[in-house]
>>> print(open('coords.pdb').read())   # PDB, C-alpha atoms
ATOM      1  CA  MET T   2       2.867   4.747 -12.731  1.00  0.00           C
ATOM      2  CA  GLU T   3       6.324   5.639 -11.426  1.00  0.00           C
ATOM      3  CA  THR T   4       7.912   3.526  -8.706  1.00  0.00           C
ATOM      4  CA  GLU T   5      10.906   4.778  -6.764  1.00  0.00           C
ATOM      5  CA  VAL T   6      12.714   4.325  -3.478  1.00  0.00           C
ATOM      6  CA  LYS T   7      13.897   7.198  -1.291  1.00  0.00           C
ATOM      7  CA  LEU T   8      16.685   6.578   1.203  1.00  0.00           C
ATOM      8  CA  ALA T   9      17.934   9.243   3.595  1.00  0.00           C
ATOM      9  CA  PHE T  10      21.489   9.381   4.988  1.00  0.00           C
ATOM     10  CA  LYS T  11      22.495  11.063   8.218  1.00  0.00           C
ATOM     11  CA  ASP T  12      25.113  13.320   6.598  1.00  0.00           C
ATOM     12  CA  GLU T  13      27.082  14.141   3.447  1.00  0.00           C
ATOM     13  CA  LYS T  14      29.991  11.860   4.370  1.00  0.00           C
ATOM     14  CA  CYS T  15      27.769   8.793   4.742  1.00  0.00           C
ATOM     15  CA  LEU T  16      25.958   9.449   1.464  1.00  0.00           C
ATOM     16  CA  PHE T  17      29.022   9.991  -0.701  1.00  0.00           C
ATOM     17  CA  SER T  18      30.991   7.248   0.984  1.00  0.00           C
ATOM     18  CA  ALA T  19      28.243   4.806   0.006  1.00  0.00           C
ATOM     19  CA  VAL T  20      28.157   5.776  -3.671  1.00  0.00           C
ATOM     20  CA  SER T  21      31.978   5.780  -3.874  1.00  0.00           C
ATOM     21  CA  THR T  22      32.278   2.111  -2.925  1.00  0.00           C
ATOM     22  CA  ASP T  23      33.092  -0.663  -5.380  1.00  0.00           C
ATOM     23  CA  TRP T  24      29.753  -2.243  -4.442  1.00  0.00           C
ATOM     24  CA  PHE T  25      27.854   0.745  -5.840  1.00  0.00           C
ATOM     25  CA  LYS T  26      30.163   1.700  -8.729  1.00  0.00           C
ATOM     26  CA  SER T  27      30.346  -1.842 -10.097  1.00  0.00           C
ATOM     27  CA  ARG T  28      26.585  -1.701 -10.658  1.00  0.00           C
ATOM     28  CA  CYS T  29      26.706   1.602 -12.560  1.00  0.00           C
ATOM     29  CA  GLN T  30      27.309   2.061 -16.269  1.00  0.00           C
ATOM     30  CA  ASN T  31      28.445   5.645 -15.687  1.00  0.00           C
ATOM     31  CA  PRO T  32      30.218   5.697 -12.286  1.00  0.00           C
ATOM     32  CA  ASP T  33      31.995   9.039 -12.856  1.00  0.00           C
ATOM     33  CA  ASN T  34      29.050  11.310 -13.678  1.00  0.00           C
ATOM     34  CA  ARG T  35      29.109  14.998 -12.743  1.00  0.00           C
ATOM     35  CA  PRO T  36      26.370  16.630 -10.662  1.00  0.00           C
ATOM     36  CA  VAL T  37      23.645  18.888 -12.045  1.00  0.00           C
ATOM     37  CA  THR T  38      22.186  21.713  -9.964  1.00  0.00           C
ATOM     38  CA  LEU T  39      18.399  21.497  -9.681  1.00  0.00           C
ATOM     39  CA  GLU T  40      16.213  24.437  -8.686  1.00  0.00           C
ATOM     40  CA  ASN T  41      12.686  23.307  -7.814  1.00  0.00           C
ATOM     41  CA  PHE T  42       9.660  25.597  -7.735  1.00  0.00           C
ATOM     42  CA  TYR T  43       6.391  24.059  -6.493  1.00  0.00           C
ATOM     43  CA  LEU T  44       3.172  25.537  -7.860  1.00  0.00           C
ATOM     44  CA  ASP T  45      -0.485  25.575  -6.878  1.00  0.00           C
ATOM     45  CA  THR T  46      -3.428  27.953  -6.984  1.00  0.00           C
ATOM     46  CA  SER T  47      -3.666  30.508  -4.199  1.00  0.00           C
ATOM     47  CA  ASP T  48      -6.495  28.490  -2.647  1.00  0.00           C
ATOM     48  CA  GLY T  49      -4.715  25.125  -2.981  1.00  0.00           C
ATOM     49  CA  ILE T  50      -6.941  23.432  -5.559  1.00  0.00           C
ATOM     50  CA  LEU T  51      -4.212  21.081  -6.813  1.00  0.00           C
ATOM     51  CA  ALA T  52      -3.270  19.943  -3.317  1.00  0.00           C
ATOM     52  CA  SER T  53      -6.952  19.254  -2.563  1.00  0.00           C
ATOM     53  CA  ARG T  54      -7.006  16.962  -5.621  1.00  0.00           C
ATOM     54  CA  GLY T  55      -3.889  15.099  -4.551  1.00  0.00           C
ATOM     55  CA  VAL T  56      -1.815  16.766  -7.270  1.00  0.00           C
ATOM     56  CA  SER T  57       1.618  18.382  -7.104  1.00  0.00           C
ATOM     57  CA  PHE T  58       3.026  20.587  -9.861  1.00  0.00           C
ATOM     58  CA  ARG T  59       6.732  21.383 -10.127  1.00  0.00           C
ATOM     59  CA  LYS T  60       8.889  23.606 -12.309  1.00  0.00           C
ATOM     60  CA  ARG T  61      12.505  22.433 -12.294  1.00  0.00           C
ATOM     61  CA  HIS T  62      15.567  24.248 -13.650  1.00  0.00           C
ATOM     62  CA  TYR T  63      18.512  22.022 -14.621  1.00  0.00           C
ATOM     63  CA  LYS T  64      21.893  23.784 -14.587  1.00  0.00           C
ATOM     64  CA  ALA T  65      25.415  22.529 -15.296  1.00  0.00           C
ATOM     65  CA  ALA T  66      28.369  23.449 -17.514  1.00  0.00           C
ATOM     66  CA  ASP T  67      26.692  21.878 -20.560  1.00  0.00           C
ATOM     67  CA  THR T  68      23.072  21.847 -19.339  1.00  0.00           C
ATOM     68  CA  ASP T  69      20.447  24.567 -19.047  1.00  0.00           C
ATOM     69  CA  PHE T  70      16.764  23.748 -19.448  1.00  0.00           C
ATOM     70  CA  PHE T  71      13.488  23.547 -17.541  1.00  0.00           C
ATOM     71  CA  GLU T  72      11.059  20.720 -16.937  1.00  0.00           C
ATOM     72  CA  PHE T  73       7.476  20.795 -15.708  1.00  0.00           C
ATOM     73  CA  THR T  74       6.273  17.783 -13.720  1.00  0.00           C
ATOM     74  CA  THR T  75       2.880  16.790 -12.363  1.00  0.00           C
ATOM     75  CA  LYS T  76       2.481  13.955  -9.837  1.00  0.00           C
ATOM     76  CA  TYR T  77      -0.812  12.457  -8.731  1.00  0.00           C
ATOM     77  CA  ARG T  78      -1.721  10.390  -5.670  1.00  0.00           C
ATOM     78  CA  GLY T  79      -0.277   6.871  -5.436  1.00  0.00           C
ATOM     79  CA  GLU T  80       0.970   5.407  -2.165  1.00  0.00           C
ATOM     80  CA  VAL T  81       4.068   5.504   0.015  1.00  0.00           C
ATOM     81  CA  LYS T  82       5.240   2.639   2.186  1.00  0.00           C
ATOM     82  CA  GLU T  83       8.625   2.078   3.833  1.00  0.00           C
ATOM     83  CA  GLY T  84      10.426   4.425   1.453  1.00  0.00           C
ATOM     84  CA  VAL T  85       8.792   3.060  -1.714  1.00  0.00           C
ATOM     85  CA  HIS T  86       6.841   5.755  -3.582  1.00  0.00           C
ATOM     86  CA  ASN T  87       4.257   4.979  -6.281  1.00  0.00           C
ATOM     87  CA  HIS T  88       2.439   7.719  -8.177  1.00  0.00           C
ATOM     88  CA  PHE T  89       1.225   8.818 -11.596  1.00  0.00           C
ATOM     89  CA  GLU T  90       3.635  11.247 -13.258  1.00  0.00           C
ATOM     90  CA  TRP T  91       3.869  13.457 -16.353  1.00  0.00           C
ATOM     91  CA  ASN T  92       6.858  15.509 -17.602  1.00  0.00           C
ATOM     92  CA  LEU T  93       7.482  18.121 -20.273  1.00  0.00           C
ATOM     93  CA  LYS T  94      10.812  19.822 -21.030  1.00  0.00           C
ATOM     94  CA  SER T  95      10.982  23.553 -21.765  1.00  0.00           C
ATOM     95  CA  THR T  96      13.773  25.811 -23.007  1.00  0.00           C
ATOM     96  CA  ASP T  97      12.378  29.026 -21.509  1.00  0.00           C
ATOM     97  CA  GLY T  98      10.514  27.844 -18.404  1.00  0.00           C
ATOM     98  CA  VAL T  99       7.278  29.579 -19.425  1.00  0.00           C
ATOM     99  CA  LEU T 100       4.288  27.484 -18.378  1.00  0.00           C
ATOM    100  CA  ASP T 101       1.445  26.795 -20.815  1.00  0.00           C
ATOM    101  CA  ILE T 102      -1.015  24.449 -19.106  1.00  0.00           C
ATOM    102  CA  GLU T 103      -2.816  23.539 -22.338  1.00  0.00           C
ATOM    103  CA  ALA T 104       0.469  22.671 -24.074  1.00  0.00           C
ATOM    104  CA  PHE T 105       1.493  20.667 -21.022  1.00  0.00           C
ATOM    105  CA  LYS T 106      -1.733  18.634 -21.083  1.00  0.00           C
ATOM    106  CA  GLN T 107      -1.347  17.904 -24.779  1.00  0.00           C
ATOM    107  CA  ASN T 108       2.386  17.146 -24.929  1.00  0.00           C
ATOM    108  CA  ALA T 109       3.537  15.864 -21.545  1.00  0.00           C
ATOM    109  CA  GLU T 110       5.020  12.377 -21.473  1.00  0.00           C
ATOM    110  CA  GLY T 111       3.977   9.879 -18.836  1.00  0.00           C
ATOM    111  CA  ASP T 112       0.781   8.164 -17.806  1.00  0.00           C
ATOM    112  CA  SER T 113      -2.719   8.480 -19.289  1.00  0.00           C
ATOM    113  CA  LEU T 114      -3.242  11.927 -20.854  1.00  0.00           C
ATOM    114  CA  SER T 115      -6.982  11.638 -20.199  1.00  0.00           C
ATOM    115  CA  LEU T 116      -6.230  11.311 -16.468  1.00  0.00           C
ATOM    116  CA  LEU T 117      -3.884  14.306 -16.672  1.00  0.00           C
ATOM    117  CA  ASP T 118      -6.583  16.355 -18.392  1.00  0.00           C
ATOM    118  CA  ASP T 119      -9.036  15.388 -15.655  1.00  0.00           C
ATOM    119  CA  ILE T 120      -6.839  16.270 -12.661  1.00  0.00           C
ATOM    120  CA  LEU T 121      -5.890  19.645 -14.203  1.00  0.00           C
ATOM    121  CA  LYS T 122      -9.427  20.453 -15.328  1.00  0.00           C
ATOM    122  CA  GLY T 123     -10.246  24.134 -14.992  1.00  0.00           C
ATOM    123  CA  ILE T 124      -6.664  25.139 -14.107  1.00  0.00           C
ATOM    124  CA  LYS T 125      -5.153  27.946 -16.171  1.00  0.00           C
ATOM    125  CA  SER T 126      -1.500  28.954 -16.399  1.00  0.00           C
ATOM    126  CA  ASP T 127      -2.149  32.285 -14.673  1.00  0.00           C
ATOM    127  CA  ASP T 128      -3.855  30.522 -11.761  1.00  0.00           C
ATOM    128  CA  LEU T 129      -0.617  28.978 -10.507  1.00  0.00           C
ATOM    129  CA  VAL T 130       1.742  30.667  -8.051  1.00  0.00           C
ATOM    130  CA  VAL T 131       5.007  29.513  -6.473  1.00  0.00           C
ATOM    131  CA  LEU T 132       4.427  28.029  -3.023  1.00  0.00           C
ATOM    132  CA  CYS T 133       8.019  27.234  -2.124  1.00  0.00           C
ATOM    133  CA  SER T 134      11.365  26.230  -3.637  1.00  0.00           C
ATOM    134  CA  ASN T 135      14.575  24.361  -2.937  1.00  0.00           C
ATOM    135  CA  THR T 136      17.963  23.822  -4.587  1.00  0.00           C
ATOM    136  CA  PHE T 137      20.269  20.822  -4.523  1.00  0.00           C
ATOM    137  CA  ASP T 138      22.919  19.029  -6.562  1.00  0.00           C
ATOM    138  CA  ARG T 139      21.959  15.722  -8.186  1.00  0.00           C
ATOM    139  CA  THR T 140      24.229  13.121  -9.720  1.00  0.00           C
ATOM    140  CA  TYR T 141      22.587  10.559 -12.009  1.00  0.00           C
ATOM    141  CA  TYR T 142      23.700   6.961 -12.423  1.00  0.00           C
ATOM    142  CA  ASP T 143      22.433   4.092 -14.572  1.00  0.00           C
ATOM    143  CA  PHE T 144      22.192   1.471 -11.846  1.00  0.00           C
ATOM    144  CA  ARG T 145      21.637  -2.251 -12.392  1.00  0.00           C
ATOM    145  CA  TYR T 146      20.545  -4.648  -9.698  1.00  0.00           C
ATOM    146  CA  GLU T 147      19.745  -8.286 -10.347  1.00  0.00           C
ATOM    147  CA  GLY T 148      17.880  -8.189 -13.663  1.00  0.00           C
ATOM    148  CA  SER T 149      16.515  -4.646 -13.399  1.00  0.00           C
ATOM    149  CA  ILE T 150      17.619  -1.220 -14.605  1.00  0.00           C
ATOM    150  CA  MET T 151      17.177   1.768 -12.309  1.00  0.00           C
ATOM    151  CA  GLU T 152      18.104   5.418 -12.296  1.00  0.00           C
ATOM    152  CA  ALA T 153      20.048   6.215  -9.125  1.00  0.00           C
ATOM    153  CA  CYS T 154      19.960   9.869  -8.068  1.00  0.00           C
ATOM    154  CA  VAL T 155      22.315  11.169  -5.404  1.00  0.00           C
ATOM    155  CA  ASP T 156      20.863  14.404  -3.969  1.00  0.00           C
ATOM    156  CA  TYR T 157      22.608  16.806  -1.648  1.00  0.00           C
ATOM    157  CA  GLY T 158      21.593  20.355  -0.772  1.00  0.00           C
ATOM    158  CA  ALA T 159      19.767  22.573   1.686  1.00  0.00           C
ATOM    159  CA  ILE T 160      16.167  23.527   2.323  1.00  0.00           C
ATOM    160  CA  LYS T 161      15.954  27.137   3.416  1.00  0.00           C
ATOM    161  CA  ASP T 162      13.187  29.136   5.001  1.00  0.00           C
ATOM    162  CA  PRO T 163      11.883  32.363   3.389  1.00  0.00           C
ATOM    163  CA  GLU T 164      14.591  34.365   5.166  1.00  0.00           C
ATOM    164  CA  GLY T 165      17.366  32.230   3.660  1.00  0.00           C
ATOM    165  CA  LYS T 166      18.189  30.289   6.806  1.00  0.00           C
ATOM    166  CA  THR T 167      19.040  26.608   6.322  1.00  0.00           C
ATOM    167  CA  CYS T 168      16.464  24.578   8.241  1.00  0.00           C
ATOM    168  CA  ASP T 169      16.872  21.107   6.737  1.00  0.00           C
ATOM    169  CA  ILE T 170      19.375  19.161   4.661  1.00  0.00           C
ATOM    170  CA  ILE T 171      18.618  17.133   1.546  1.00  0.00           C
ATOM    171  CA  CYS T 172      20.857  14.086   1.787  1.00  0.00           C
ATOM    172  CA  GLU T 173      19.200  11.295  -0.161  1.00  0.00           C
ATOM    173  CA  LEU T 174      19.615   8.467  -2.611  1.00  0.00           C
ATOM    174  CA  GLU T 175      16.686   7.791  -4.934  1.00  0.00           C
ATOM    175  CA  LEU T 176      16.277   4.660  -7.038  1.00  0.00           C
ATOM    176  CA  GLU T 177      13.692   4.877  -9.818  1.00  0.00           C
ATOM    177  CA  LEU T 178      12.697   1.667 -11.571  1.00  0.00           C
ATOM    178  CA  LYS T 179      13.139   2.014 -15.342  1.00  0.00           C
ATOM    179  CA  ASP T 180      12.950  -1.577 -16.540  1.00  0.00           C
ATOM    180  CA  GLY T 181      12.471  -4.694 -14.450  1.00  0.00           C
ATOM    181  CA  THR T 182      10.597  -5.698 -11.334  1.00  0.00           C
ATOM    182  CA  ALA T 183       9.449  -4.068  -8.127  1.00  0.00           C
ATOM    183  CA  GLN T 184      10.966  -7.049  -6.337  1.00  0.00           C
ATOM    184  CA  ASP T 185      14.450  -6.127  -7.601  1.00  0.00           C
ATOM    185  CA  LEU T 186      13.876  -2.525  -6.503  1.00  0.00           C
ATOM    186  CA  GLU T 187      12.900  -3.717  -3.039  1.00  0.00           C
ATOM    187  CA  SER T 188      15.973  -5.977  -2.921  1.00  0.00           C
ATOM    188  CA  ALA T 189      18.221  -3.068  -3.918  1.00  0.00           C
ATOM    189  CA  LYS T 190      16.665  -0.955  -1.164  1.00  0.00           C
ATOM    190  CA  GLU T 191      17.263  -3.648   1.427  1.00  0.00           C
ATOM    191  CA  ALA T 192      20.869  -4.155   0.302  1.00  0.00           C
ATOM    192  CA  ILE T 193      21.680  -0.429   0.544  1.00  0.00           C
ATOM    193  CA  VAL T 194      20.039  -0.216   3.969  1.00  0.00           C
ATOM    194  CA  ALA T 195      22.084  -3.201   5.146  1.00  0.00           C
ATOM    195  CA  GLU T 196      25.386  -2.141   3.558  1.00  0.00           C
ATOM    196  CA  PHE T 197      25.378   1.608   4.154  1.00  0.00           C
ATOM    197  CA  GLY T 198      22.700   2.514   6.676  1.00  0.00           C
ATOM    198  CA  GLY T 199      20.337   4.317   4.340  1.00  0.00           C
ATOM    199  CA  ILE T 200      16.961   4.957   5.966  1.00  0.00           C
ATOM    200  CA  PRO T 201      13.712   4.398   4.000  1.00  0.00           C
ATOM    201  CA  PHE T 202      12.136   7.830   3.755  1.00  0.00           C
ATOM    202  CA  ASN T 203       8.450   8.528   3.126  1.00  0.00           C
ATOM    203  CA  GLU T 204       8.439  12.330   3.139  1.00  0.00           C
ATOM    204  CA  THR T 205       8.801  14.112  -0.200  1.00  0.00           C
ATOM    205  CA  LYS T 206      10.997  17.154  -0.846  1.00  0.00           C
ATOM    206  CA  LEU T 207       7.825  19.164  -1.439  1.00  0.00           C
ATOM    207  CA  ALA T 208       6.414  18.264   1.980  1.00  0.00           C
ATOM    208  CA  ARG T 209       9.677  19.113   3.708  1.00  0.00           C
ATOM    209  CA  THR T 210      10.014  22.422   1.866  1.00  0.00           C
ATOM    210  CA  LEU T 211       6.435  23.448   2.600  1.00  0.00           C
ATOM    211  CA  LYS T 212       7.063  22.685   6.269  1.00  0.00           C
ATOM    212  CA  ALA T 213      10.165  24.909   6.221  1.00  0.00           C
ATOM    213  CA  CYS T 214       8.230  27.787   4.638  1.00  0.00           C
ATOM    214  CA  ARG T 215       5.381  27.518   7.105  1.00  0.00           C
ATOM    215  CA  SER T 216       7.691  27.368  10.104  1.00  0.00           C
ATOM    216  CA  GLY T 217       9.373  30.491   8.764  1.00  0.00           C
ATOM    217  CA  GLY T 218       6.095  32.313   8.617  1.00  0.00           C
ATOM    218  CA  ALA T 219       5.634  32.315   4.852  1.00  0.00           C
ATOM    219  CA  SER T 220       2.227  32.083   3.272  1.00  0.00           C
TER     220      SER T 220
END
>>> encode(input="coords.pdb", output="structure tokens")
Amino acid sequence: METEVKLAFKDEKCLFSAVSTDWFKSRCQNPDNRPVTLENFYLDTSDGILASRGVSFRKRHYKAADTDFFEFTTKYRGEVKEGVHNHFEWNLKSTDGVLDIEAFKQNAEGDSLSLLDDILKGIKSDDLVVLCSNTFDRTYYDFRYEGSIMEACVDYGAIKDPEGKTCDIICELELELKDGTAQDLESAKEAIVAEFGGIPFNETKLARTLKACRSGGAS
């Protein structure tokens, strides 16, 4: 089960001002990391079988000067409350970005593989189509708060409709708990809200991107 916090900021200046402070940098082991461009493609069957099961499936392309690979990710159910997201998750890296569902079910890292096999039952690679996509820059930090280790992700980019028009901005800070307690994660969330005005955010990037596509008339 993955546990993470999503915090939205009103604009680029507020987001990057927050992560440039001594308060934030002093808690990072790698305060001068460079961003990686992420291209996200969200997949489902044409009749939405995965969504009906509470499943999301994503193909992500990582691109930077020294980085170029793909990763497939499946997320399942969980709950969201006041910006804290809990869900089951599985990941598998790929050099070519070609999806093989059977290989994914056998080799993905994450929660119970028997659960993964169950939620993807009957789904074949050729069944999946791209529903929508987005692109943003992400900077990763190893963030420590109290006695816990988290991965802090600073995300900035644009969500565009099918015609290429920007209809929403991705301007977020995510904190994913790697080692430690949910209490420390909650305390970190509260401190960032108090210090920098981050807003606990329940909506996922997938939900926001789907909304943009539908408002633009895409299928």
>>> axis_aligned_box(input="coords.pdb", around="stretch 183-195 of chain T", padding_each_side="3 Å", output="AutoDock Vina command-line options")
--center_x 15.8 --center_y -3.6 --center_z -1.5 --size_x 18.6 --size_y 12.8 --size_z 19.3
>>> resolve_selection(input="coords.pdb", expression="the PyMOL selection byres ((chain T and resi 175-184) around 8)", output="ChimeraX atom specification")
/T:3-8,148-156,173-174,185-188
>>> write_last_selection(input="coords.pdb", atoms="C-alpha atoms", output="PDB file, keeping the file's coordinate frame")
ATOM      1  CA  GLU T   3       6.324   5.639 -11.426  1.00  0.00           C
ATOM      2  CA  THR T   4       7.912   3.526  -8.706  1.00  0.00           C
ATOM      3  CA  GLU T   5      10.906   4.778  -6.764  1.00  0.00           C
ATOM      4  CA  VAL T   6      12.714   4.325  -3.478  1.00  0.00           C
ATOM      5  CA  LYS T   7      13.897   7.198  -1.291  1.00  0.00           C
ATOM      6  CA  LEU T   8      16.685   6.578   1.203  1.00  0.00           C
ATOM      7  CA  GLY T 148      17.880  -8.189 -13.663  1.00  0.00           C
ATOM      8  CA  SER T 149      16.515  -4.646 -13.399  1.00  0.00           C
ATOM      9  CA  ILE T 150      17.619  -1.220 -14.605  1.00  0.00           C
ATOM     10  CA  MET T 151      17.177   1.768 -12.309  1.00  0.00           C
ATOM     11  CA  GLU T 152      18.104   5.418 -12.296  1.00  0.00           C
ATOM     12  CA  ALA T 153      20.048   6.215  -9.125  1.00  0.00           C
ATOM     13  CA  CYS T 154      19.960   9.869  -8.068  1.00  0.00           C
ATOM     14  CA  VAL T 155      22.315  11.169  -5.404  1.00  0.00           C
ATOM     15  CA  ASP T 156      20.863  14.404  -3.969  1.00  0.00           C
ATOM     16  CA  GLU T 173      19.200  11.295  -0.161  1.00  0.00           C
ATOM     17  CA  LEU T 174      19.615   8.467  -2.611  1.00  0.00           C
ATOM     18  CA  ASP T 185      14.450  -6.127  -7.601  1.00  0.00           C
ATOM     19  CA  LEU T 186      13.876  -2.525  -6.503  1.00  0.00           C
ATOM     20  CA  GLU T 187      12.900  -3.717  -3.039  1.00  0.00           C
ATOM     21  CA  SER T 188      15.973  -5.977  -2.921  1.00  0.00           C
TER      22      SER T 188
END
>>> atom_distance(input="coords.pdb", atom1="atom CA of T:Asp12", atom2="atom CA of T:Cys29")
22.5 Å
>>> atom_distance(input="coords.pdb", atom1="atom CA of T:His86", atom2="atom CA of T:Leu121")
21.6 Å
>>> resolve_selection(input="coords.pdb", expression="the PyMOL selection byres ((chain T and resi 132) around 8)", output="VMD selection string")
chain T and resid 42 to 45 130 to 131 133 to 134 211 220
>>> write_last_selection(input="coords.pdb", atoms="C-alpha atoms", output="compact mmCIF listing (two decimals), in the frame of the given file")
# COMPACT_ATOMS: atom_id res chain seq x y z
CA PHE T 42 9.66 25.60 -7.74
CA TYR T 43 6.39 24.06 -6.49
CA LEU T 44 3.17 25.54 -7.86
CA ASP T 45 -0.48 25.58 -6.88
CA VAL T 130 1.74 30.67 -8.05
CA VAL T 131 5.01 29.51 -6.47
CA CYS T 133 8.02 27.23 -2.12
CA SER T 134 11.36 26.23 -3.64
CA LEU T 211 6.44 23.45 2.60
CA SER T 220 2.23 32.08 3.27
>>> closest_residue(input="coords.pdb", among="T:Lys161, T:Glu196, T:Asn87, T:Thr140", to="T:Asp33", atoms="all atoms listed in the file")
T:Thr140
>>> residues_around(input="coords.pdb", residues="T:Trp91", least_positions_apart="4", cutoff="6 Å", atoms="only C-alpha atoms", output="MDAnalysis selection string")
chainID T and resid 74:75 109:111
>>> atom_distance(input="coords.pdb", atom1="atom CA of T:Asn135", atom2="atom CA of T:Pro36")
16.1 Å
>>> residues_near_point(input="coords.pdb", point="(28.6, 15.0, -0.9)", cutoff="12 Å", atoms="all atoms listed in the file", output="list of chain:residue names")
T:Phe10, T:Lys11, T:Asp12, T:Glu13, T:Lys14, T:Cys15, T:Leu16, T:Phe17, T:Ser18, T:Ala19, T:Val20, T:Ser21, T:Arg35, T:Pro36, T:Phe137, T:Asp138, T:Arg139, T:Thr140, T:Val155, T:Asp156, T:Tyr157, T:Gly158, T:Ala159, T:Ile170, T:Ile171, T:Cys172, T:Glu173, T:Leu174
>>> resolve_selection(input="coords.pdb", expression="the PyMOL selection byres ((chain T and resi 66) around 12)", output="PyMOL selection string")
chain T and resi 35-38+63-65+67-70
>>> closest_residue(input="coords.pdb", among="T:Asn203, T:Thr210, T:Ser126, T:Asn34", to="T:Pro163", atoms="only C-alpha atoms")
T:Thr210
>>> closest_residue(input="coords.pdb", among="T:Ala9, T:Leu114, T:Asp97, T:Asp143", to="T:Lys26", atoms="only C-alpha atoms")
T:Asp143
>>> closest_residue(input="coords.pdb", among="T:Arg28, T:Glu40, T:Ser115, T:Met2", to="T:Phe89", atoms="only C-alpha atoms")
T:Met2
>>> closest_residue(input="coords.pdb", among="T:His88, T:Phe73, T:Glu83, T:Arg78", to="T:Asn108", atoms="all atoms listed in the file")
T:Phe73
>>> residues_around(input="coords.pdb", residues="T:Thr46", least_positions_apart="2", cutoff="7 Å", atoms="all atoms listed in the file", output="list in words")
Asp48, Gly49, Ile50, Leu51, Asp128, Leu129 and Val130 of chain T
>>> residues_near_point(input="coords.pdb", point="(-1.9, 26.8, -22.6)", cutoff="12 Å", atoms="all atoms listed in the file", output="ChimeraX atom specification")
/T:99-108,121,123-128
>>> closest_residue(input="coords.pdb", among="T:Gly79, T:Gly55, T:Pro32, T:Gly199", to="T:Ile120", atoms="all atoms listed in the file")
T:Gly55
